[in-house]
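Visitor: If it helps, the file is called work_17.txt and holds compact mmCIF, C-alpha atoms:
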# COMPACT_ATOMS: atom_id res chain seq x y z
CA MET A 1 0.00 0.00 0.00
CA VAL A 2 2.89 2.38 0.70
CA VAL A 3 4.23 1.90 -2.83
CA ARG A 4 0.75 2.14 -4.32
CA GLU A 5 -0.02 5.35 -2.44
CA LYS A 6 3.24 6.95 -3.55
CA ILE A 7 2.50 6.08 -7.17
CA LEU A 8 -1.09 7.36 -6.99
CA ASP A 9 0.01 10.56 -5.22
CA MET A 10 2.42 11.30 -8.04
CA VAL A 11 -0.17 10.50 -10.71
CA VAL A 12 -2.92 12.59 -9.11
CA SER A 13 -0.62 15.56 -8.42
CA CYS A 14 0.35 15.54 -12.12
CA PHE A 15 -3.34 15.48 -13.16
CA LYS A 16 -4.07 18.40 -10.81
CA ARG A 17 -1.04 20.33 -12.08
CA HIS A 18 -2.63 20.16 -15.52
CA GLY A 19 -5.88 21.65 -14.21
CA ALA A 20 -8.13 18.56 -14.06
CA LYS A 21 -11.08 18.25 -11.67
CA GLY A 22 -11.57 15.00 -9.76
CA LEU A 23 -14.64 12.88 -10.54
CA ASP A 24 -16.12 9.70 -9.08
CA THR A 25 -18.70 7.49 -10.82
CA PRO A 26 -20.63 4.37 -9.72
CA ALA A 27 -18.93 0.99 -9.85
CA PHE A 28 -21.73 -0.40 -12.03
CA GLU A 29 -23.54 0.76 -15.14
CA LEU A 30 -26.59 -0.36 -17.10
CA LYS A 31 -25.51 -3.39 -19.08
CA GLU A 32 -26.81 -2.03 -22.41
CA MET A 33 -24.65 1.07 -21.97
CA LEU A 34 -21.50 -1.06 -21.83
CA THR A 35 -22.33 -3.75 -24.39
CA GLU A 36 -23.11 -1.11 -27.00
CA LYS A 37 -19.59 0.24 -26.67
CA TYR A 38 -17.76 -3.08 -26.26
CA GLU A 39 -19.48 -5.49 -28.69
CA GLU A 40 -16.22 -7.35 -29.27
CA ASN A 41 -15.38 -7.65 -25.58
CA SER A 42 -18.85 -8.06 -24.09
CA GLY A 43 -17.81 -11.51 -22.80
CA LEU A 44 -15.30 -9.74 -20.51
CA ILE A 45 -17.98 -7.72 -18.71
CA TYR A 46 -19.17 -8.80 -15.24
CA ASP A 47 -22.98 -8.84 -15.21
CA LEU A 48 -25.33 -8.59 -12.21
CA LYS A 49 -29.06 -7.96 -11.72
CA ASP A 50 -30.43 -5.53 -9.21
CA GLN A 51 -33.64 -6.24 -7.29
CA GLY A 52 -35.75 -4.30 -9.76
CA GLY A 53 -34.69 -6.66 -12.54
CA GLU A 54 -32.52 -4.14 -14.40
CA LEU A 55 -29.47 -5.66 -16.06
CA LEU A 56 -26.38 -4.07 -14.57
CA SER A 57 -22.68 -4.60 -15.13
CA LEU A 58 -19.53 -3.70 -13.24
CA ARG A 59 -17.69 -0.93 -15.07
CA TYR A 60 -15.13 -2.19 -17.60
CA ASP A 61 -13.20 1.09 -17.72
CA LEU A 62 -13.63 4.70 -16.58
CA THR A 63 -14.28 6.20 -20.03
CA VAL A 64 -17.87 5.08 -20.63
CA PRO A 65 -19.02 6.24 -17.16
CA PHE A 66 -17.40 9.62 -17.89
CA ALA A 67 -19.17 9.89 -21.27
CA ARG A 68 -22.49 9.03 -19.56
CA TYR A 69 -21.82 11.64 -16.86
CA LEU A 70 -21.21 14.33 -19.50
CA ALA A 71 -24.36 13.37 -21.45
CA MET A 72 -26.62 13.20 -18.39
CA ASN A 73 -25.40 16.56 -17.12
CA LYS A 74 -25.40 18.14 -20.60
CA LEU A 75 -21.78 19.20 -20.18
CA LYS A 76 -20.05 20.42 -23.34
CA LYS A 77 -16.51 20.34 -22.01
CA MET A 78 -14.60 19.17 -18.99
CA LYS A 79 -11.05 18.29 -18.01
CA ARG A 80 -11.29 15.56 -15.42
CA TYR A 81 -9.26 12.85 -13.75
CA GLN A 82 -10.51 9.71 -12.06
CA VAL A 83 -8.72 6.95 -10.20
CA GLY A 84 -10.78 3.85 -9.52
CA LYS A 85 -11.23 0.11 -9.80
CA VAL A 86 -12.54 -1.57 -12.94
CA TRP A 87 -13.40 -5.21 -13.60
CA ARG A 88 -12.80 -7.54 -16.56
CA ARG A 89 -13.59 -11.25 -16.83
CA GLU A 90 -10.33 -12.24 -18.48
CA SER A 91 -7.49 -14.59 -17.64
CA PRO A 92 -5.47 -12.72 -15.03
CA THR A 93 -1.91 -12.01 -16.21
CA ILE A 94 -0.17 -12.23 -12.88
CA ALA A 95 3.25 -11.72 -14.53
CA GLN A 96 2.13 -8.26 -15.65
CA GLY A 97 0.46 -7.64 -12.29
CA ARG A 98 -3.05 -7.33 -13.70
CA TYR A 99 -5.90 -9.19 -12.03
CA ARG A 100 -9.60 -9.21 -12.96
CA GLU A 101 -10.08 -6.28 -10.60
CA PHE A 102 -7.52 -3.56 -11.20
CA CYS A 103 -7.03 0.18 -10.83
CA GLN A 104 -7.18 2.68 -13.68
CA CYS A 105 -5.96 6.28 -13.62
CA ASP A 106 -7.78 8.31 -16.26
CA PHE A 107 -7.24 11.85 -17.50
CA ASP A 108 -9.61 13.16 -20.18
CA ILE A 109 -10.14 16.47 -21.93
CA ALA A 110 -13.68 16.41 -23.34
CA GLY A 111 -14.98 19.09 -25.69
CA GLN A 112 -14.34 20.67 -29.06
CA PHE A 113 -10.98 22.39 -29.46
CA ASP A 114 -8.49 23.24 -32.18
CA PRO A 115 -6.90 19.99 -33.34
CA MET A 116 -4.20 18.14 -31.43
CA ILE A 117 -3.58 20.67 -28.63
CA PRO A 118 -5.32 18.61 -25.90
CA ASP A 119 -3.92 15.40 -27.45
CA ALA A 120 -0.37 16.71 -27.10
CA GLU A 121 -1.04 17.64 -23.46
CA CYS A 122 -2.28 14.11 -22.70
CA LEU A 123 0.96 12.67 -24.12
CA LYS A 124 2.98 15.19 -22.11
CA ILE A 125 1.18 13.97 -18.97
CA ILE A 126 2.00 10.32 -19.74
CA CYS A 127 5.68 11.29 -20.17
CA GLU A 128 5.73 13.29 -16.94
CA ILE A 129 4.25 10.39 -14.98
CA LEU A 130 6.35 7.59 -16.49
CA SER A 131 9.54 9.66 -16.17
CA GLY A 132 8.63 10.65 -12.61
CA LEU A 133 8.07 7.03 -11.60
CA GLN A 134 11.53 6.17 -13.01
CA LEU A 135 10.36 2.97 -14.67
CA GLY A 136 13.15 3.03 -17.27
CA ASP A 137 12.80 3.60 -21.00
CA PHE A 138 9.33 3.61 -22.52
CA LEU A 139 7.74 3.90 -25.94
CA ILE A 140 4.36 5.56 -26.53
CA LYS A 141 2.37 4.51 -29.58
CA VAL A 142 -0.11 6.97 -31.09
CA ASN A 143 -2.99 6.27 -33.45
CA ASP A 144 -5.59 8.11 -35.50
CA ARG A 145 -8.73 6.18 -36.36
CA ARG A 146 -9.01 7.98 -39.71
CA ILE A 147 -5.64 6.59 -40.81
CA VAL A 148 -6.67 3.07 -39.77
CA ASP A 149 -10.05 3.32 -41.52
CA GLY A 150 -8.44 4.85 -44.62
CA MET A 151 -5.86 2.08 -44.64
CA PHE A 152 -8.59 -0.59 -44.37
CA ALA A 153 -10.51 1.03 -47.24
CA VAL A 154 -7.55 1.18 -49.64
CA CYS A 155 -6.49 -2.36 -48.70
CA GLY A 156 -9.97 -3.67 -49.62
CA VAL A 157 -11.50 -4.45 -46.22
CA PRO A 158 -15.34 -4.42 -46.50
CA GLU A 159 -16.77 -1.59 -44.35
CA SER A 160 -18.88 -4.07 -42.37
CA LYS A 161 -15.64 -5.71 -41.17
CA PHE A 162 -13.78 -2.51 -40.13
CA ARG A 163 -14.49 -2.79 -36.40
CA THR A 164 -13.81 -6.51 -36.07
CA ILE A 165 -10.55 -6.30 -38.10
CA CYS A 166 -9.54 -3.28 -36.02
CA SER A 167 -10.03 -5.33 -32.85
CA SER A 168 -7.70 -8.04 -34.27
CA MET A 169 -5.11 -5.39 -35.15
CA ASP A 170 -5.19 -4.10 -31.56
CA LYS A 171 -3.74 -7.45 -30.48
CA LEU A 172 -0.41 -6.74 -32.21
CA ASP A 173 0.99 -5.70 -28.83
CA LYS A 174 0.37 -9.20 -27.50
CA MET A 175 0.54 -11.39 -30.63
CA SER A 176 2.81 -11.67 -33.66
CA TRP A 177 1.61 -10.41 -37.06
CA LYS A 178 1.46 -14.06 -38.21
CA ASP A 179 -1.09 -14.89 -35.46
CA VAL A 180 -3.09 -11.70 -36.01
CA ARG A 181 -3.19 -12.42 -39.77
CA HIS A 182 -4.42 -15.94 -39.05
CA GLU A 183 -7.24 -14.56 -36.88
CA MET A 184 -8.22 -12.06 -39.59
CA VAL A 185 -8.28 -14.69 -42.34
CA ALA A 186 -9.32 -17.94 -40.63
CA LYS A 187 -11.68 -16.60 -37.96
CA LYS A 188 -12.97 -13.37 -39.47
CA GLY A 189 -13.10 -14.34 -43.15
CA LEU A 190 -10.81 -11.65 -44.56
CA ALA A 191 -9.29 -12.37 -47.99
CA PRO A 192 -5.59 -13.38 -47.56
CA GLU A 193 -4.36 -10.76 -50.07
CA VAL A 194 -6.22 -8.02 -48.15
CA ALA A 195 -4.62 -9.17 -44.90
CA ASP A 196 -1.19 -9.06 -46.59
CA ARG A 197 -1.80 -5.48 -47.75
CA ILE A 198 -2.69 -4.52 -44.15
CA GLY A 199 0.47 -6.33 -43.01
CA SER A 200 2.68 -4.12 -45.18
CA TYR A 201 1.40 -1.10 -43.21
CA VAL A 202 1.06 -2.35 -39.65
CA GLN A 203 4.62 -3.62 -39.56
CA CYS A 204 6.01 -0.11 -40.17
CA HIS A 205 7.42 1.73 -37.16
CA GLY A 206 8.48 5.34 -36.69
CA GLY A 207 7.45 8.88 -35.86
CA ILE A 208 7.49 12.00 -38.00
CA SER A 209 9.58 10.29 -40.70
CA LEU A 210 6.96 7.54 -41.03
CA ILE A 211 4.19 10.16 -41.32
CA GLU A 212 6.10 11.84 -44.20
CA GLN A 213 6.57 8.43 -45.83
CA MET A 214 2.83 7.65 -45.53
CA PHE A 215 1.94 10.97 -47.21
CA GLN A 216 3.93 9.79 -50.25
CA ASP A 217 2.39 6.30 -50.28
CA PRO A 218 0.50 5.95 -53.62
CA ARG A 219 -2.21 3.69 -52.17
CA LEU A 220 -2.80 5.40 -48.82
CA SER A 221 -2.80 8.90 -50.32
CA GLN A 222 -5.94 7.93 -52.28
CA SER A 223 -7.88 8.12 -49.02
CA LYS A 224 -8.97 11.64 -48.03
CA GLN A 225 -9.72 10.34 -44.55
CA ALA A 226 -6.19 8.93 -44.11
CA LEU A 227 -4.61 12.17 -45.39
CA MET A 228 -6.62 14.20 -42.85
CA GLY A 229 -5.48 11.85 -40.08
CA LEU A 230 -1.83 12.09 -41.21
CA ALA A 231 -2.02 15.91 -41.34
CA ASP A 232 -3.28 15.98 -37.74
CA LEU A 233 -0.62 13.53 -36.59
CA LYS A 234 2.03 15.73 -38.20
CA LEU A 235 0.62 18.67 -36.24
CA LEU A 236 0.66 16.55 -33.06
CA PHE A 237 4.37 15.81 -33.52
CA GLU A 238 5.06 19.55 -33.97
CA TYR A 239 3.39 20.23 -30.62
CA LEU A 240 5.23 17.32 -28.99
CA THR A 241 8.52 18.83 -30.16
CA LEU A 242 7.54 22.13 -28.50
CA PHE A 243 6.73 20.22 -25.30
CA GLY A 244 10.18 18.62 -25.53
CA ILE A 245 8.88 15.06 -25.85
CA ALA A 246 9.08 14.25 -29.57
CA GLU A 247 10.49 10.91 -30.52
CA LYS A 248 14.21 10.41 -30.98
CA THR A 249 15.70 10.79 -34.43
CA SER A 250 15.41 7.97 -36.99
CA ALA A 251 18.98 6.75 -36.19
CA GLU A 252 17.07 5.99 -33.24
CA LYS A 253 18.75 5.17 -29.95
CA VAL A 254 17.22 4.61 -26.54
CA ARG A 255 19.00 6.68 -23.91
CA THR A 256 20.49 3.99 -21.70
CA THR A 257 22.78 6.26 -19.71
CA GLU A 258 21.98 8.91 -17.13
CA THR A 259 25.23 10.76 -17.89
CA GLN A 260 24.66 14.52 -17.94
CA VAL A 261 28.06 15.83 -19.04
CA PHE A 262 30.86 14.47 -21.23
CA VAL A 263 34.44 15.71 -20.79
CA ALA A 264 36.18 16.06 -24.17
CA THR A 265 39.36 17.49 -25.68
CA PRO A 266 40.29 18.48 -29.23
CA GLN A 267 44.06 17.99 -28.61
CA LYS A 268 46.58 15.30 -27.76
CA ASN A 269 48.17 15.00 -24.30
CA PHE A 270 45.17 16.38 -22.38
CA LEU A 271 44.31 13.24 -20.42
CA ARG A 272 45.49 14.67 -17.08
CA GLU A 273 43.43 17.85 -17.53
CA ARG A 274 40.38 15.75 -18.41
CA LEU A 275 40.87 13.61 -15.30
CA LYS A 276 41.11 16.70 -13.06
CA LEU A 277 38.03 18.22 -14.67
CA ILE A 278 35.88 15.08 -14.48
CA ALA A 279 36.81 14.64 -10.79
CA GLU A 280 35.55 18.18 -10.12
CA LEU A 281 32.22 17.32 -11.78
CA TRP A 282 31.85 14.03 -9.91
CA ASP A 283 32.64 15.76 -6.59
CA ALA A 284 29.86 18.27 -7.35
CA GLY A 285 27.40 15.38 -7.82
CA ILE A 286 27.26 15.72 -11.62
CA LYS A 287 26.98 12.52 -13.66
CA ALA A 288 29.96 12.69 -16.02
CA GLU A 289 31.84 10.48 -18.47
CA MET A 290 34.91 10.57 -20.74
CA LEU A 291 36.53 8.21 -23.22
CA TYR A 292 39.24 6.00 -21.71
CA LYS A 293 41.80 6.91 -24.36
CA ASN A 294 44.89 9.06 -24.19
CA ASN A 295 44.24 10.92 -27.42
CA PRO A 296 40.69 10.43 -28.73
CA LYS A 297 39.56 12.37 -31.82
CA LEU A 298 37.12 15.19 -31.04
CA LEU A 299 34.65 13.92 -33.64
CA THR A 300 34.65 10.46 -32.03
CA GLN A 301 33.88 12.04 -28.66
CA LEU A 302 31.05 14.19 -30.03
CA HIS A 303 29.55 11.23 -31.93
CA TYR A 304 29.57 9.23 -28.71
CA CYS A 305 27.51 11.96 -27.01
CA GLU A 306 25.03 12.13 -29.88
CA ASN A 307 24.62 8.35 -29.96
CA THR A 308 24.09 7.98 -26.21
CA GLY A 309 22.00 11.15 -25.77
CA ILE A 310 24.38 12.91 -23.34
CA PRO A 311 23.10 16.53 -23.33
CA LEU A 312 26.24 18.57 -22.49
CA VAL A 313 29.94 18.44 -23.41
CA VAL A 314 32.74 20.34 -21.71
CA ILE A 315 35.78 20.85 -23.92
CA ILE A 316 39.29 21.63 -22.67
CA GLY A 317 42.23 22.30 -25.00
CA GLU A 318 45.34 24.51 -25.28
CA GLN A 319 43.38 27.65 -26.13
CA GLU A 320 40.92 27.15 -23.26
CA GLN A 321 43.74 26.43 -20.80
CA LYS A 322 45.59 29.60 -21.84
CA GLU A 323 42.46 31.74 -21.35
CA GLY A 324 41.35 30.03 -18.09
CA VAL A 325 38.03 28.97 -19.60
CA ILE A 326 36.20 25.78 -20.53
CA LYS A 327 33.94 25.45 -23.57
CA LEU A 328 30.43 24.22 -22.78
CA ARG A 329 28.64 22.69 -25.75
CA SER A 330 24.96 21.73 -26.07
CA VAL A 331 24.83 18.43 -27.99
CA ALA A 332 21.33 19.04 -29.39
CA SER A 333 21.83 22.61 -30.69
CA ARG A 334 25.64 22.34 -31.15
CA GLU A 335 26.01 25.80 -29.60
CA GLU A 336 29.23 26.48 -27.68
CA VAL A 337 29.96 29.08 -25.03
CA ALA A 338 33.15 29.81 -23.10
CA ILE A 339 32.73 29.66 -19.31
CA LYS A 340 35.31 30.70 -16.71
CA ARG A 341 36.81 27.58 -15.17
CA GLU A 342 35.72 28.55 -11.65
CA ASN A 343 32.10 29.12 -12.79
CA LEU A 344 31.78 25.88 -14.74
CA VAL A 345 30.13 23.69 -12.07
CA ALA A 346 27.57 26.38 -11.21
CA GLU A 347 26.72 26.93 -14.90
CA ILE A 348 26.27 23.18 -15.53
CA GLN A 349 24.04 22.81 -12.46
CA LYS A 350 21.99 25.80 -13.62
CA ARG A 351 21.48 24.23 -17.06
CA LEU A 352 20.65 20.80 -15.69
CA SER A 353 18.02 22.24 -13.35
CA GLY A 354 16.47 24.01 -16.35
CA SER A 355 16.64 27.47 -14.75
Let me see whether you can do it: turn the structure in this file into structure tokens.
Guide:
Amino acid sequence: MVVREKILDMVVSCFKRHGAKGLDTPAFELKEMLTEKYEENSGLIYDLKDQGGELLSLRYDLTVPFARYLAMNKLKKMKRYQVGKVWRRESPTIAQGRYREFCQCDFDIAGQFDPMIPDAECLKIICEILSGLQLGDFLIKVNDRRIVDGMFAVCGVPESKFRTICSSMDKLDKMSWKDVRHEMVAKKGLAPEVADRIGSYVQCHGGISLIEQMFQDPRLSQSKQALMGLADLKLLFEYLTLFGIAEKTSAEKVRTTETQVFVATPQKNFLRERLKLIAELWDAGIKAEMLYKNNPKLLTQLHYCENTGIPLVVIIGEQEQKEGVIKLRSVASREEVAIKRENLVAEIQKRLSGS
């Protein structure tokens, strides 16, 4: 419970920081309300009757109750969070820690707004929470229904099968494409060549570069719907870049190091100066690294920082030593400034704290 409370405190404080109001809804709903939304998964809903004979079900998630709350109260817009238990009659995956009764933390922005601004904020919130909980590296996948529907249309999926094929595609997180394809063809009666066309799309991975690629795709660009979805996703990625959470570049590396500063030199015979400098950084509590070579090439050192995602480089050479300064370089922008040696630690700490 201590761990759980700490996690929930962090999650809720993030939701509140983003201006959401708390909401609580009943644990059960009218059965018809849920089955309408979850035709495919209606077997996973826990049903119960109340004494008046109404068919009721335990809530399956927190989204449908929220939609009902908005409709019943004729609310046009609301930013809300809710933390609560939900129930699903499925095989418990103990390894992943999910039982049939589990807790969901929801944040929703309901209403009509200019495209992709609230969507970008929701992704920012996910990043803040997952980074704050220090769970390690994570990958967020985004989707636009218009792209999926457009893709189905140009691949030749009959419109009556859109939803059921979509539900098979959702299983790609848990199943291989081969198994998903088998379900689509053998169980849901999709033509094998149509499934193969879908396969050529769903096995693509990427961010903004993939969006650009999809715009050029001769088949997909025939769908107005898909093009609208791609245009909005492109806009979303622009906003994510402004929020500082866009995906890494397409030479894509996962940042596996927490190193904040790299100590580099452009000249030979500067190992001793690098050792003195790195010791100063370590003593100040700064996470620092250098290459274990006497005379590494500057380009090799800078490439290392780019590949591992180290944000700052300090450079010491003859010129810097003569002038009593150290060059501080931002890896992302490649901008360099000269800092007095005695002010270096304070300047690095200032940059790392974001002030």
Visitor: Which of these, A:Leu281, A:Leu299, A:Val331, A:Met214, has the shortest distance to Asn343 (chain A) once you count only C-alpha atoms?
Guide: A:Leu281
Visitor: Quick one: residues within 12 Å of Lys124 (chain A), only C-alpha atoms, excluding same-chain residues fewer than 4 positions away - as a PyMOL selection string?
Guide: chain A and resi 14-15+17-18+107+117-120+128-132+140+236-237+239-246
Visitor: In Å, rounded to a single decimal, give me how far CA of Val263 (chain A) is from CA of Ala288 (chain A).
Guide: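 Taking CA of Ala288 (chain A) as the start and CA of Val263 (chain A) as the end point, the length is 7.2 Å.
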Visitor: So the first atom is CA of Val314 (chain A) and the second is CA of Glu273 (chain A); what is the distance between them in Å, to one decimal place?
Guide: 11.7 Å
Visitor: Select, from A:Ile45, A:Ile208, A:Ile310, A:Cys166, the residue with the minimum atom-to-atom distance to Leu58 (chain A), counting only C-alpha atoms.
Guide: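 Nearest candidate to Leu58 (chain A) out of A:Ile45, A:Ile208, A:Ile310, A:Cys166: A:Ile45.
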Visitor: Compare A:Asp144, A:Asp61, A:Asp179, A:Glu323 by their minimum atom-to-atom distance to Cys103 (chain A), counting only C-alpha atoms, and give me the closest one.
Guide: A:Asp61
Visitor: Given the choices A:Gln213, A:Glu342, A:Arg146, A:Val313, which gets closest to Phe262 (chain A) if the distance is worked out from all atoms listed in the file?
Guide: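 Among the listed residues, A:Val313 lies closest to Phe262 (chain A).
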Visitor: Let me make sure I understand: among A:Met228, A:Ile316, A:Leu70, A:Leu352, which one has the smallest atom-to-atom distance to Ile339 (chain A) if we use only C-alpha atoms?
Guide: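 Between A:Met228, A:Ile316, A:Leu70, A:Leu352, the residue approaching Ile339 (chain A) most closely is A:Ile316.
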Visitor: Hey, can you check how far CA of Leu312 (chain A) sits from CA of Asn295 (chain A)?
Guide: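 We find that CA of Leu312 (chain A) and CA of Asn295 (chain A) lie 20.2 Å from each other.
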Visitor: Check the smallest atom-to-atom distance from each of A:Asn307, A:Gln321, A:Ser160, A:Thr63 to Ile109 (chain A) using all atoms listed in the file, then report the winner.
Guide: A:Thr63
Visitor: Might you pull out every residue within 7 Å of Ile147 (chain A), with only C-alpha atoms counted and same-chain residues fewer than 2 positions away left off, and present them as a list in words?
Guide: Asp144, Arg145, Asp149, Gly150, Met151, Gln225, Ala226, Gly229 and Leu230 of chain A
Visitor: So which residues touch region 85-89 of chain A within 8 Å, counting all atoms listed in the file, skipping near sequence neighbours fewer than 6 positions away, as a ChimeraX atom specification?
Guide: /A:27,43-46,58-62,100-104
Visitor: Hey, what's within 12 Å of Thr265 (chain A) if we count only C-alpha atoms and toss same-chain stuff fewer than 4 positions away? As a PyMOL selection string, please?
Guide: chain A and resi 269-275+277-278+290-291+293-302+313-321+326-329
Visitor: List the neighbours of Leu75 (chain A) out to 12 Å using all atoms listed in the file; skip same-chain residues closer than 3 positions along the sequence, and give me the result as a ChimeraX atom specification.
Guide: /A:66-72,78-79,110-112
